[in-house]
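Structure data follow from data-v2.txt (compact mmCIF, C-alpha atoms and all ligand atoms):
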# COMPACT_ATOMS: atom_id res chain seq x y z
CA MET A 1355 -33.34 35.93 73.51
CA GLU A 1356 -30.75 38.44 72.27
CA GLN A 1357 -31.89 41.23 69.92
CA VAL A 1358 -29.50 42.63 67.30
CA GLU A 1359 -29.95 45.06 64.43
CA ALA A 1360 -28.08 43.32 61.58
CA LEU A 1361 -26.89 39.72 61.82
CA ILE A 1362 -24.55 38.12 59.27
CA VAL A 1363 -24.21 34.33 59.41
CA GLY A 1364 -21.06 33.13 57.65
CA ALA A 1365 -17.78 35.06 57.62
CA GLY A 1366 -16.55 34.23 54.13
CA PRO A 1367 -16.09 36.86 51.41
CA ALA A 1368 -19.86 37.17 50.76
CA GLY A 1369 -20.79 37.63 54.43
CA LEU A 1370 -17.93 40.04 55.14
CA MET A 1371 -18.90 42.15 52.12
CA ALA A 1372 -22.51 42.28 53.35
CA ALA A 1373 -21.27 43.25 56.83
CA SER A 1374 -19.19 46.04 55.37
CA GLN A 1375 -22.16 47.44 53.42
CA LEU A 1376 -24.46 47.35 56.43
CA ALA A 1377 -21.86 48.98 58.67
CA ASP A 1378 -21.27 51.70 56.04
CA ALA A 1379 -25.02 52.34 56.10
CA GLY A 1380 -24.78 52.95 59.85
CA ALA A 1381 -26.22 49.65 61.10
CA SER A 1382 -24.96 47.88 64.19
CA VAL A 1383 -23.60 44.60 62.79
CA VAL A 1384 -22.83 41.22 64.36
CA VAL A 1385 -21.06 38.58 62.23
CA VAL A 1386 -21.08 34.97 63.41
CA ASP A 1387 -19.27 31.94 62.02
CA ALA A 1388 -19.22 28.27 62.97
CA LYS A 1389 -15.44 27.94 62.79
CA PRO A 1390 -12.87 29.16 65.32
CA SER A 1391 -11.68 31.83 62.84
CA VAL A 1392 -13.10 33.69 59.85
CA GLY A 1393 -12.65 33.19 56.11
CA ARG A 1394 -11.13 29.71 56.15
CA LYS A 1395 -12.12 28.77 52.60
CA PHE A 1396 -11.15 32.25 51.40
CA LEU A 1397 -7.70 31.66 52.93
CA MET A 1398 -7.47 28.25 51.26
CA ALA A 1399 -8.31 29.90 47.93
CA GLY A 1400 -5.09 31.90 48.30
CA LYS A 1401 -2.92 28.86 48.88
CA SER A 1402 -2.06 28.42 45.22
CA GLY A 1403 -2.64 32.05 44.20
CA LEU A 1404 -5.78 34.04 45.03
CA ASN A 1405 -7.45 34.66 41.68
CA LEU A 1406 -9.72 37.55 42.61
CA THR A 1407 -11.28 38.29 39.25
CA LYS A 1408 -10.52 38.46 35.54
CA ASP A 1409 -9.70 41.35 33.27
CA GLU A 1410 -11.92 40.73 30.25
CA PRO A 1411 -14.84 42.50 28.56
CA ILE A 1412 -17.84 42.40 30.88
CA ASP A 1413 -20.06 40.52 28.39
CA GLU A 1414 -17.46 37.76 28.12
CA PHE A 1415 -17.06 37.77 31.89
CA LEU A 1416 -20.81 37.41 32.41
CA SER A 1417 -21.09 34.49 29.99
CA ALA A 1418 -19.06 32.41 32.49
CA TYR A 1419 -22.17 32.21 34.70
CA GLY A 1420 -24.03 30.15 32.08
CA GLU A 1421 -27.69 29.63 32.95
CA ALA A 1422 -27.42 31.99 35.95
CA LYS A 1423 -26.09 34.84 33.81
CA THR A 1424 -29.27 36.91 33.76
CA TRP A 1425 -29.69 36.47 37.51
CA VAL A 1426 -26.20 37.59 38.54
CA GLU A 1427 -25.81 40.12 35.71
CA PRO A 1428 -27.09 43.27 37.48
CA MET A 1429 -25.03 42.45 40.57
CA VAL A 1430 -21.83 41.62 38.69
CA ARG A 1431 -22.26 44.70 36.49
CA ALA A 1432 -22.48 46.78 39.67
CA PHE A 1433 -19.46 45.06 41.25
CA GLY A 1434 -17.42 43.42 38.50
CA PRO A 1435 -13.72 43.01 37.70
CA ALA A 1436 -12.90 46.74 37.87
CA GLU A 1437 -14.66 47.16 41.22
CA VAL A 1438 -13.10 44.01 42.71
CA ARG A 1439 -9.70 45.33 41.71
CA ALA A 1440 -10.38 48.75 43.25
CA TRP A 1441 -11.75 47.12 46.40
CA ALA A 1442 -8.57 45.02 46.86
CA GLU A 1443 -6.44 48.10 46.25
CA GLY A 1444 -8.55 49.96 48.82
CA LEU A 1445 -7.47 47.29 51.31
CA GLU A 1446 -3.87 48.13 50.42
CA GLN A 1447 -3.34 45.06 48.24
CA GLU A 1448 -1.50 45.76 45.04
CA VAL A 1449 -2.86 43.54 42.28
CA PHE A 1450 -1.48 42.35 38.95
CA THR A 1451 -2.94 40.77 35.84
CA GLY A 1452 -1.45 37.37 35.12
CA SER A 1453 -1.78 35.00 32.20
CA SER A 1454 -5.09 35.07 30.34
CA GLY A 1455 -6.24 38.17 32.23
CA ARG A 1456 -6.56 36.63 35.67
CA ILE A 1457 -6.11 39.15 38.49
CA PHE A 1458 -4.22 38.32 41.69
CA PRO A 1459 -2.95 40.28 44.68
CA LYS A 1460 0.82 40.77 44.36
CA SER A 1461 1.31 38.73 47.54
CA MET A 1462 -0.71 35.93 45.81
CA LYS A 1463 -2.17 35.16 49.25
CA THR A 1464 -5.46 35.89 50.99
CA SER A 1465 -4.07 36.55 54.46
CA PRO A 1466 -2.82 40.18 54.05
CA LEU A 1467 -6.08 41.17 52.35
CA LEU A 1468 -8.25 39.41 54.94
CA ARG A 1469 -6.23 40.94 57.79
CA ASN A 1470 -6.78 44.46 56.43
CA TRP A 1471 -10.44 43.73 55.71
CA MET A 1472 -11.06 42.52 59.27
CA GLY A 1473 -9.23 45.62 60.51
CA SER A 1474 -11.51 47.88 58.51
CA LEU A 1475 -14.60 46.03 59.78
CA ALA A 1476 -13.34 46.43 63.38
CA ASP A 1477 -12.90 50.16 62.70
CA LYS A 1478 -16.57 50.19 61.66
CA SER A 1479 -17.45 48.52 65.01
CA VAL A 1480 -18.55 45.25 63.39
CA GLU A 1481 -18.63 42.56 66.09
CA VAL A 1482 -17.35 39.11 65.12
CA ARG A 1483 -18.26 35.94 67.04
CA THR A 1484 -16.57 32.67 66.10
CA ARG A 1485 -17.58 29.11 67.06
CA TRP A 1486 -21.21 30.16 66.61
CA ARG A 1487 -22.91 27.47 64.54
CA TRP A 1488 -26.35 28.28 63.19
CA THR A 1489 -28.61 25.24 63.76
CA GLY A 1490 -31.99 26.43 62.48
CA TRP A 1491 -34.93 28.70 63.21
CA ASP A 1492 -36.89 29.39 66.36
CA GLY A 1493 -39.84 31.19 64.84
CA ASP A 1494 -38.33 34.37 63.38
CA ALA A 1495 -35.17 34.01 65.45
CA LEU A 1496 -32.02 32.00 64.73
CA LYS A 1497 -30.66 29.27 67.01
CA PHE A 1498 -26.93 28.80 67.49
CA ASP A 1499 -24.64 26.29 69.17
CA THR A 1500 -21.96 28.41 70.87
CA PRO A 1501 -19.15 27.75 73.35
CA ASP A 1502 -21.62 28.99 76.01
CA GLY A 1503 -24.39 26.62 74.98
CA GLN A 1504 -27.42 27.29 72.81
CA ARG A 1505 -28.21 30.93 72.03
CA VAL A 1506 -31.18 32.41 70.22
CA VAL A 1507 -30.83 35.70 68.34
CA LYS A 1508 -33.55 37.83 66.83
CA ALA A 1509 -32.30 40.29 64.24
CA LYS A 1510 -34.08 43.14 62.47
CA THR A 1511 -32.33 41.93 59.34
CA THR A 1512 -30.17 38.89 58.61
CA VAL A 1513 -27.79 38.03 55.78
CA LEU A 1514 -27.08 34.32 55.37
CA ALA A 1515 -23.74 33.72 53.58
CA LEU A 1516 -23.03 30.10 54.42
CA GLY A 1517 -21.06 29.03 51.36
CA GLY A 1518 -21.52 25.90 49.26
CA ALA A 1519 -21.03 22.26 50.24
CA SER A 1520 -17.39 21.39 49.69
CA TRP A 1521 -14.30 21.38 51.89
CA ALA A 1522 -16.55 20.89 54.94
CA LYS A 1523 -13.56 21.09 57.26
CA LEU A 1524 -13.23 24.78 56.32
CA GLY A 1525 -16.81 25.47 57.43
CA SER A 1526 -19.10 25.31 54.42
CA ASP A 1527 -20.72 21.92 54.92
CA GLY A 1528 -24.11 22.72 53.36
CA SER A 1529 -25.94 21.43 56.46
CA TRP A 1530 -28.14 24.56 56.46
CA ALA A 1531 -29.91 23.24 53.35
CA THR A 1532 -31.86 20.81 55.54
CA TRP A 1533 -33.71 23.64 57.30
CA MET A 1534 -34.14 25.75 54.16
CA ASP A 1535 -36.80 23.19 53.10
CA ALA A 1536 -37.82 23.23 49.45
CA GLN A 1537 -36.01 26.48 48.72
CA THR A 1538 -32.81 24.73 47.69
CA VAL A 1539 -31.58 22.83 44.66
CA PRO A 1540 -29.50 19.75 45.64
CA PHE A 1541 -25.75 20.42 45.69
CA LYS A 1542 -23.53 19.07 42.95
CA PRO A 1543 -19.74 19.30 42.69
CA ALA A 1544 -18.42 22.06 40.41
CA ASN A 1545 -14.85 22.68 39.28
CA MET A 1546 -13.85 19.17 40.28
CA GLY A 1547 -11.64 16.38 38.99
CA PHE A 1548 -12.81 13.08 37.50
CA LEU A 1549 -11.91 9.54 38.41
CA ARG A 1550 -10.23 6.93 36.23
CA GLU A 1551 -8.44 3.70 37.01
CA TRP A 1552 -5.28 4.01 34.95
CA SER A 1553 -3.23 1.20 33.44
CA ASP A 1554 0.04 0.53 35.27
CA PHE A 1555 2.11 2.18 32.53
CA MET A 1556 0.46 5.53 33.42
CA LYS A 1557 2.01 5.51 36.93
CA PRO A 1558 5.22 7.37 35.98
CA PHE A 1559 3.03 10.22 34.70
CA PHE A 1560 1.02 10.84 37.87
CA GLY A 1561 1.36 14.56 38.57
CA ALA A 1562 2.31 15.32 34.94
CA PRO A 1563 0.66 18.30 33.23
CA VAL A 1564 -0.85 17.57 29.82
CA LYS A 1565 -0.61 20.69 27.66
CA PRO A 1566 -1.77 22.12 25.43
CA VAL A 1567 -4.92 20.10 24.83
CA ARG A 1568 -8.49 20.76 23.80
CA LEU A 1569 -11.12 18.94 25.85
CA THR A 1570 -14.52 18.44 24.25
CA VAL A 1571 -17.79 17.15 25.68
CA GLY A 1572 -20.64 17.46 23.22
CA GLU A 1573 -20.75 21.10 22.08
CA HIS A 1574 -18.52 22.31 24.94
CA ALA A 1575 -14.83 22.64 24.05
CA VAL A 1576 -12.02 24.13 26.14
CA LYS A 1577 -8.36 24.61 25.30
CA GLY A 1578 -5.94 24.50 28.20
CA GLU A 1579 -4.17 21.97 30.34
CA PHE A 1580 -4.91 19.30 32.91
CA VAL A 1581 -2.99 17.03 35.24
CA VAL A 1582 -2.97 13.23 35.35
CA THR A 1583 -3.32 12.15 38.99
CA ALA A 1584 -3.23 8.75 40.67
CA ARG A 1585 -7.03 8.76 40.72
CA GLY A 1586 -7.88 10.41 37.41
CA ILE A 1587 -7.67 13.92 35.99
CA GLU A 1588 -7.91 17.44 37.41
CA GLY A 1589 -6.80 21.01 36.64
CA GLY A 1590 -7.97 24.10 34.77
CA ALA A 1591 -9.28 22.62 31.52
CA VAL A 1592 -11.04 19.79 33.37
CA TYR A 1593 -12.69 22.24 35.79
CA ALA A 1594 -13.78 24.43 32.89
CA ILE A 1595 -15.60 21.53 31.27
CA SER A 1596 -16.67 19.84 34.51
CA SER A 1597 -20.29 21.04 34.58
CA THR A 1598 -20.97 19.57 31.12
CA LEU A 1599 -19.06 16.39 31.92
CA ARG A 1600 -20.90 16.05 35.25
CA ASN A 1601 -24.23 16.13 33.47
CA GLY A 1602 -23.28 13.24 31.15
CA GLY A 1603 -21.33 12.96 27.93
CA GLU A 1604 -18.05 11.51 26.71
CA LEU A 1605 -14.75 13.31 27.06
CA SER A 1606 -12.64 13.62 23.95
CA VAL A 1607 -9.07 14.97 24.09
CA ASP A 1608 -7.33 16.72 21.22
CA LEU A 1609 -3.66 16.05 21.97
CA ILE A 1610 -2.43 18.53 19.31
CA PRO A 1611 -5.00 21.34 19.38
CA ASP A 1612 -2.85 23.74 17.36
CA MET A 1613 -2.62 21.47 14.31
CA GLU A 1614 -5.41 20.70 11.84
CA LEU A 1615 -6.33 17.06 11.23
CA LYS A 1616 -5.14 17.23 7.62
CA ASP A 1617 -1.71 18.47 8.74
CA VAL A 1618 -1.46 15.69 11.31
CA ILE A 1619 -2.19 13.17 8.52
CA THR A 1620 0.40 14.78 6.24
CA LYS A 1621 3.06 14.69 8.95
CA LEU A 1622 2.32 11.09 9.86
CA ASN A 1623 2.68 10.11 6.22
CA ARG A 1624 6.26 11.36 6.08
CA PRO A 1625 8.76 8.55 5.43
CA ARG A 1626 9.17 6.61 8.66
CA GLY A 1627 12.39 4.78 7.79
CA LYS A 1628 13.41 2.37 10.52
CA ASN A 1629 11.79 4.42 13.26
CA SER A 1630 9.45 2.69 15.70
CA LEU A 1631 5.93 4.12 15.72
CA SER A 1632 6.61 5.93 19.01
CA ASN A 1633 9.76 7.52 17.55
CA HIS A 1634 7.82 8.46 14.42
CA LEU A 1635 5.11 10.12 16.55
CA ARG A 1636 7.73 11.97 18.56
CA LYS A 1637 9.70 13.15 15.52
CA THR A 1638 6.77 14.14 13.31
CA LEU A 1639 4.30 15.47 15.88
CA GLY A 1640 6.29 15.95 19.07
CA LEU A 1641 4.02 13.40 20.78
CA LYS A 1642 5.90 11.94 23.73
CA GLY A 1643 5.75 11.46 27.51
CA VAL A 1644 2.33 11.72 29.07
CA LYS A 1645 0.60 12.50 25.75
CA ALA A 1646 2.05 9.37 24.14
CA ALA A 1647 1.00 7.36 27.21
CA LEU A 1648 -2.56 8.73 26.97
CA LEU A 1649 -2.67 7.67 23.32
CA ARG A 1650 -1.74 4.14 24.38
CA GLU A 1651 -4.21 4.26 27.28
CA ALA A 1652 -7.11 4.72 24.85
CA GLY A 1653 -6.68 1.17 23.51
CA PRO A 1654 -5.19 -0.50 20.44
CA LEU A 1655 -4.04 2.04 17.87
CA PRO A 1656 -5.77 2.32 14.48
CA GLU A 1657 -3.80 0.72 11.68
CA THR A 1658 -3.90 3.57 9.18
CA PHE A 1659 -2.25 6.96 9.65
CA THR A 1660 -5.57 8.64 8.91
CA GLY A 1661 -7.18 6.61 11.70
CA LEU A 1662 -4.27 7.36 14.01
CA ALA A 1663 -4.48 11.09 13.25
CA LYS A 1664 -8.20 11.06 14.08
CA ARG A 1665 -7.44 9.23 17.35
CA ILE A 1666 -4.83 11.88 18.26
CA LYS A 1667 -7.30 14.69 17.54
CA THR A 1668 -10.30 13.04 19.25
CA LEU A 1669 -8.90 10.70 21.87
CA PRO A 1670 -11.74 9.14 23.87
CA LEU A 1671 -11.01 9.14 27.62
CA ALA A 1672 -13.56 7.15 29.59
CA LEU A 1673 -14.06 8.39 33.16
CA ASP A 1674 -15.70 6.92 36.27
CA GLY A 1675 -17.53 10.07 37.38
CA PRO A 1676 -16.54 13.12 39.45
CA THR A 1677 -14.30 13.09 42.51
CA PRO A 1678 -16.28 13.39 45.80
CA ILE A 1679 -18.18 16.67 46.29
CA ASP A 1680 -16.19 17.54 49.40
CA GLU A 1681 -13.05 17.85 47.25
CA ALA A 1682 -14.66 20.16 44.69
CA ILE A 1683 -13.44 23.75 44.44
CA SER A 1684 -17.05 24.93 44.44
CA THR A 1685 -20.57 23.56 44.29
CA ALA A 1686 -23.62 24.08 42.12
CA GLY A 1687 -27.05 24.08 43.75
CA GLY A 1688 -28.19 25.91 46.86
CA VAL A 1689 -30.89 28.53 47.37
CA ARG A 1690 -32.92 28.74 44.17
CA GLN A 1691 -33.50 32.05 42.42
CA SER A 1692 -37.28 31.62 42.60
CA ALA A 1693 -37.07 31.56 46.43
CA LEU A 1694 -35.58 35.07 46.45
CA SER A 1695 -36.64 38.56 45.50
CA ASP A 1696 -34.45 40.69 43.22
CA GLU A 1697 -32.99 42.09 46.44
CA LEU A 1698 -31.90 38.53 47.42
CA MET A 1699 -34.45 38.43 50.26
CA LEU A 1700 -36.08 35.07 50.99
CA LYS A 1701 -39.69 35.35 49.86
CA SER A 1702 -40.69 33.15 52.80
CA ARG A 1703 -38.82 35.21 55.44
CA SER A 1704 -39.08 38.97 55.47
CA GLY A 1705 -35.75 40.66 56.25
CA VAL A 1706 -33.61 37.53 55.61
CA PHE A 1707 -31.20 37.84 52.66
CA CYS A 1708 -28.84 35.27 51.09
CA ALA A 1709 -25.52 35.76 49.31
CA GLY A 1710 -22.45 34.04 47.93
CA GLU A 1711 -21.84 30.46 46.92
CA MET A 1712 -24.91 29.28 48.84
CA LEU A 1713 -27.01 30.63 45.96
CA ASP A 1714 -27.78 28.33 43.01
CA TRP A 1715 -25.32 29.66 40.46
CA GLU A 1716 -22.03 28.19 39.31
CA ALA A 1717 -19.04 29.37 37.34
CA PRO A 1718 -15.65 28.07 36.28
CA THR A 1719 -12.45 28.99 38.10
CA GLY A 1720 -10.75 32.15 36.90
CA GLY A 1721 -11.95 34.66 39.51
CA TYR A 1722 -15.63 34.32 38.58
CA LEU A 1723 -16.46 32.62 41.89
CA LEU A 1724 -15.05 35.27 44.22
CA THR A 1725 -16.35 38.10 42.05
CA ALA A 1726 -19.93 36.79 42.26
CA CYS A 1727 -19.58 36.08 46.00
CA LEU A 1728 -18.46 39.67 46.59
CA ALA A 1729 -21.07 41.10 44.20
CA THR A 1730 -23.97 39.16 45.74
CA GLY A 1731 -22.68 39.93 49.26
CA LEU A 1732 -22.61 43.60 48.41
CA HIS A 1733 -26.11 43.47 46.93
CA ALA A 1734 -27.54 41.54 49.90
CA GLY A 1735 -25.86 43.93 52.36
CA LYS A 1736 -27.17 47.01 50.56
CA SER A 1737 -30.65 45.48 50.30
CA ALA A 1738 -30.60 44.62 54.02
CA ALA A 1739 -29.59 48.20 54.84
CA GLU A 1740 -32.49 49.51 52.75
CA PHE A 1741 -34.81 47.06 54.49
CA LEU A 1742 -33.69 48.46 57.88
CA ASN A 1743 -34.22 51.98 56.61
CA ASP A 1744 -37.78 51.17 55.53
CA GLN A 1745 -38.74 49.72 58.92
C1 LIG B 1 -8.87 25.07 47.07
C2 LIG B 1 -9.77 26.23 46.63
C3 LIG B 1 -9.25 27.22 45.83
C4 LIG B 1 -10.09 28.27 45.40
N1 LIG B 1 -9.53 29.26 44.64
C5 LIG B 1 -10.33 30.27 44.19
C6 LIG B 1 -9.78 31.32 43.42
O1 LIG B 1 -8.55 31.42 43.22
N2 LIG B 1 -10.63 32.26 42.91
C7 LIG B 1 -11.99 32.21 43.15
O2 LIG B 1 -12.72 33.05 42.64
N3 LIG B 1 -12.52 31.26 43.96
C8 LIG B 1 -11.72 30.29 44.48
N4 LIG B 1 -12.26 29.33 45.28
C9 LIG B 1 -13.70 29.40 45.63
C10 LIG B 1 -13.96 30.46 46.73
O3 LIG B 1 -13.06 30.29 47.80
C11 LIG B 1 -15.42 30.32 47.24
O4 LIG B 1 -16.29 30.37 46.13
C12 LIG B 1 -15.76 31.43 48.24
O5 LIG B 1 -14.94 31.35 49.39
C13 LIG B 1 -17.22 31.34 48.66
O6 LIG B 1 -17.48 32.46 49.47
P1 LIG B 1 -18.75 32.49 50.43
O7 LIG B 1 -18.57 33.69 51.29
O8 LIG B 1 -19.98 32.35 49.65
O9 LIG B 1 -18.63 31.15 51.29
P2 LIG B 1 -17.44 30.59 52.20
O10 LIG B 1 -16.15 31.24 51.88
O11 LIG B 1 -17.53 29.11 52.08
O12 LIG B 1 -17.85 31.07 53.66
C14 LIG B 1 -18.99 30.54 54.29
C15 LIG B 1 -18.81 30.69 55.79
O13 LIG B 1 -20.02 30.26 56.43
C16 LIG B 1 -19.68 29.54 57.58
N5 LIG B 1 -20.79 28.63 57.89
C17 LIG B 1 -21.26 27.60 57.16
N6 LIG B 1 -22.29 27.01 57.78
C18 LIG B 1 -22.47 27.67 58.95
C19 LIG B 1 -23.38 27.54 60.03
N7 LIG B 1 -24.33 26.60 60.06
N8 LIG B 1 -23.29 28.41 61.07
C20 LIG B 1 -22.35 29.40 61.06
N9 LIG B 1 -21.46 29.56 60.07
C21 LIG B 1 -21.52 28.72 59.03
C22 LIG B 1 -18.41 28.81 57.22
O14 LIG B 1 -17.67 28.47 58.37
C23 LIG B 1 -17.70 29.81 56.33
O15 LIG B 1 -16.78 30.62 57.04
C24 LIG B 1 -11.45 28.30 45.76
C25 LIG B 1 -11.96 27.30 46.59
C26 LIG B 1 -11.13 26.26 47.03
C27 LIG B 1 -11.70 25.19 47.92
Can I see the file as structure tokens?
Ligand SMILES: Cc1cc2nc3c(=O)[nH]c(=O)nc-3n(C[C@H](O)[C@H](O)[C@H](O)COP(=O)(O)OP(=O)(O)OC[C@H]3O[C@@H](n4cnc5c(N)ncnc54)[C@H](O)[C@@H]3O)c2cc1C
Amino acid sequence: MEQVEALIVGAGPAGLMAASQLADAGASVVVVDAKPSVGRKFLMAGKSGLNLTKDEPIDEFLSAYGEAKTWVEPMVRAFGPAEVRAWAEGLEQEVFTGSSGRIFPKSMKTSPLLRNWMGSLADKSVEVRTRWRWTGWDGDALKFDTPDGQRVVKAKTTVLALGGASWAKLGSDGSWATWMDAQTVPFKPANMGFLREWSDFMKPFFGAPVKPVRLTVGEHAVKGEFVVTARGIEGGAVYAISSTLRNGGELSVDLIPDMELKDVITKLNRPRGKNSLSNHLRKTLGLKGVKAALLREAGPLPETFTGLAKRIKTLPLALDGPTPIDEAISTAGGVRQSALSDELMLKSRSGVFCAGEMLDWEAPTGGYLLTACLATGLHAGKSAAEFLNDQ
């Protein structure tokens, strides 16, 4: 059995941040990951623009974590948007603030940042082992499948940062939950699309953005845009409302969110002349293309203009449930707060800390995910270093 001082399992942003903290505290650190290379999901996150964090008042930022707000609050206050920004700049990545305050590296990609981060960890003598899959416990030690067969490692302190349960091909398959016993909450998709079997006339609009719209489920309303896909709907506004929609409720779409109902009625009542209804809708309200198709998709149109205006403002869109969890941008569920101390140490296993998306919190897209992964990774790494110090 191999003995190490600090062991990090999972080389995503949370695990690498924990490794960095432990190394800074002078610990000898070994990072292992199941995949042949590190940070695969982190790299995927940069494929369409790596949204690191969001420039908004911290109270607003924290409200994105919903029920988990009070749990993550001290960690995100300690390492929030300003700190994430400074950290990226410290890795020689210039950042910029895009639309609605979202912060990206200028390169938009993960790879230059990850390259510099791995370089800085190598400078701190952090050892990285890939193709090391954690398969469970052997008493206090951890068992791994490695290219050289099974290995057992006993660490003075361990940080588990295994990610959620989506995009399994990138490494985070959630399999670890089976040997965490009752300490986990079942995984659910988060920030995912929803399925719908469209009528044939919707086909020309597959891939079309629908904007601006307001999506409402119960009390939860979000203004933004979404995309009609061959299988249903996806995109920012859908992700933002996905946790409420996932838990039940009907989706209603406001196709003209910037116009009051009474103004829609007034405009519809303008003389129509010889215009067809679709021309009238286009000329008076600018409703055309995919929005006009969605209006038709919702069934026979009301006969009065008042009824039609209400339909336009509260279009019911029936859905057939979320897309499969493996396609979700993130997952809810994972290690429950009650299983952990404030230091993120498992109450059932002294010296074993957890961080990142594997914890039972969720947040919408917009940089909230990476910020909390980095913040919890930092907190777990610092706590693990203090644990070592106390031994
Ligand atoms: C398409 C896409 C786009 C995204 N875009 C953004 C974005 O712009 N902004 C944002 O904030 N978030 C984004 N995210 C989410 C973000 O990437 C994740 O929340 C984040 O990577 C989670 O970090 P983590 O370190 O907790 O876990 P992960 O990054 O999932 O890392 C976990 C690591 O653990 C390893 N592992 C798992 N099980 C084992 C095991 N048994 N043994 C050994 N190793 C194991 C995995 O191989 C993996 O490397 C995006 C996600 C996707 C899929």
Which residues are near ligand LIG 1 (chain B) - at most 7 Å, using only C-alpha atoms and all ligand atoms? Format: as a VMD selection string. chain A and resid 1363 to 1369 1386 to 1389 1392 to 1396 1398 to 1400 1403 to 1407 1486 to 1489 1515 to 1518 1521 1524 to 1530 1682 to 1684 1709 to 1712 1719 to 1725 1727
Just the selected residues (C-alpha atoms), exported as a compact mmCIF listing (two decimals), in the frame of the given file, please.
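As written to disk, result15.txt reads:
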# COMPACT_ATOMS: atom_id res chain seq x y z
CA VAL A 1363 -24.21 34.33 59.41
CA GLY A 1364 -21.06 33.13 57.65
CA ALA A 1365 -17.78 35.06 57.62
CA GLY A 1366 -16.55 34.23 54.13
CA PRO A 1367 -16.09 36.86 51.41
CA ALA A 1368 -19.86 37.17 50.76
CA GLY A 1369 -20.79 37.63 54.43
CA VAL A 1386 -21.08 34.97 63.41
CA ASP A 1387 -19.27 31.94 62.02
CA ALA A 1388 -19.22 28.27 62.97
CA LYS A 1389 -15.44 27.94 62.79
CA VAL A 1392 -13.10 33.69 59.85
CA GLY A 1393 -12.65 33.19 56.11
CA ARG A 1394 -11.13 29.71 56.15
CA LYS A 1395 -12.12 28.77 52.60
CA PHE A 1396 -11.15 32.25 51.40
CA MET A 1398 -7.47 28.25 51.26
CA ALA A 1399 -8.31 29.90 47.93
CA GLY A 1400 -5.09 31.90 48.30
CA GLY A 1403 -2.64 32.05 44.20
CA LEU A 1404 -5.78 34.04 45.03
CA ASN A 1405 -7.45 34.66 41.68
CA LEU A 1406 -9.72 37.55 42.61
CA THR A 1407 -11.28 38.29 39.25
CA TRP A 1486 -21.21 30.16 66.61
CA ARG A 1487 -22.91 27.47 64.54
CA TRP A 1488 -26.35 28.28 63.19
CA THR A 1489 -28.61 25.24 63.76
CA ALA A 1515 -23.74 33.72 53.58
CA LEU A 1516 -23.03 30.10 54.42
CA GLY A 1517 -21.06 29.03 51.36
CA GLY A 1518 -21.52 25.90 49.26
CA TRP A 1521 -14.30 21.38 51.89
CA LEU A 1524 -13.23 24.78 56.32
CA GLY A 1525 -16.81 25.47 57.43
CA SER A 1526 -19.10 25.31 54.42
CA ASP A 1527 -20.72 21.92 54.92
CA GLY A 1528 -24.11 22.72 53.36
CA SER A 1529 -25.94 21.43 56.46
CA TRP A 1530 -28.14 24.56 56.46
CA ALA A 1682 -14.66 20.16 44.69
CA ILE A 1683 -13.44 23.75 44.44
CA SER A 1684 -17.05 24.93 44.44
CA ALA A 1709 -25.52 35.76 49.31
CA GLY A 1710 -22.45 34.04 47.93
CA GLU A 1711 -21.84 30.46 46.92
CA MET A 1712 -24.91 29.28 48.84
CA THR A 1719 -12.45 28.99 38.10
CA GLY A 1720 -10.75 32.15 36.90
CA GLY A 1721 -11.95 34.66 39.51
CA TYR A 1722 -15.63 34.32 38.58
CA LEU A 1723 -16.46 32.62 41.89
CA LEU A 1724 -15.05 35.27 44.22
CA THR A 1725 -16.35 38.10 42.05
CA CYS A 1727 -19.58 36.08 46.00
Determine the nearest neighbour of A:Lys1616 from the options A:Val1644, A:Val1582, A:Ala1544, A:Ala1663, counting only C-alpha atoms.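 Of A:Val1644, A:Val1582, A:Ala1544, A:Ala1663, the one nearest A:Lys1616 is A:Ala1663, counting only C-alpha atoms.
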Have a look at atom CA of A:Asn1545 and atom CA of A:Pro1611 and let me know their distance in Å, one decimal.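 We find that atom CA of A:Asn1545 and atom CA of A:Pro1611 lie 22.2 Å from each other.
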Which residue gives the smallest distance to A:Ser1465 among A:Leu1700, A:Glu1443, A:Lys1401, A:Ser1606, with all atoms listed in the file counted? A:Lys1401
With 8 Å added on each side, what axis-aligned box encloses every listed atom of stretch 1735-1739 of chain A? Give the centre and edge lengths in Å to one decimal, as AutoDock Vina command-line options.
--center_x -28.3 --center_y 46.1 --center_z 52.6 --size_x 20.8 --size_y 20.3 --size_z 20.5
Quick one, how far is atom CA of A:Gln1691 from atom CA of A:Gly1735?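 Between atom CA of A:Gln1691 and atom CA of A:Gly1735 the gap is 17.3 Å.
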When distances are computed from all atoms listed in the file, which of A:Pro1676, A:Ala1377, A:Leu1713, A:Leu1671 shows the smallest separation from A:Ser1479?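 Looking at the shortest contact to A:Ser1479, the residue is A:Ala1377.
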Counting all atoms listed in the file, write as an MDAnalysis selection string all protein and nucleic acid residues lying at most 12 Å from (0.8, 9.5, 4.1) in the file's frame. chainID A and resid 1616:1626 1638 1658:1663
May I have the residues from that selection written out with C-alpha atoms, as a short mmCIF file (atom, residue, chain, number, x, y, z; two decimals), in the coordinates of the input?
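Written output follows (again06.cif):
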data_model
loop_
_atom_site.label_atom_id
_atom_site.label_comp_id
_atom_site.auth_asym_id
_atom_site.auth_seq_id
_atom_site.Cartn_x
_atom_site.Cartn_y
_atom_site.Cartn_z
CA LYS A 1616 -5.14 17.23 7.62
CA ASP A 1617 -1.71 18.47 8.74
CA VAL A 1618 -1.46 15.69 11.31
CA ILE A 1619 -2.19 13.17 8.52
CA THR A 1620 0.40 14.78 6.24
CA LYS A 1621 3.06 14.69 8.95
CA LEU A 1622 2.32 11.09 9.86
CA ASN A 1623 2.68 10.11 6.22
CA ARG A 1624 6.26 11.36 6.08
CA PRO A 1625 8.76 8.55 5.43
CA ARG A 1626 9.17 6.61 8.66
CA THR A 1638 6.77 14.14 13.31
CA THR A 1658 -3.90 3.57 9.18
CA PHE A 1659 -2.25 6.96 9.65
CA THR A 1660 -5.57 8.64 8.91
CA GLY A 1661 -7.18 6.61 11.70
CA LEU A 1662 -4.27 7.36 14.01
CA ALA A 1663 -4.48 11.09 13.25
#
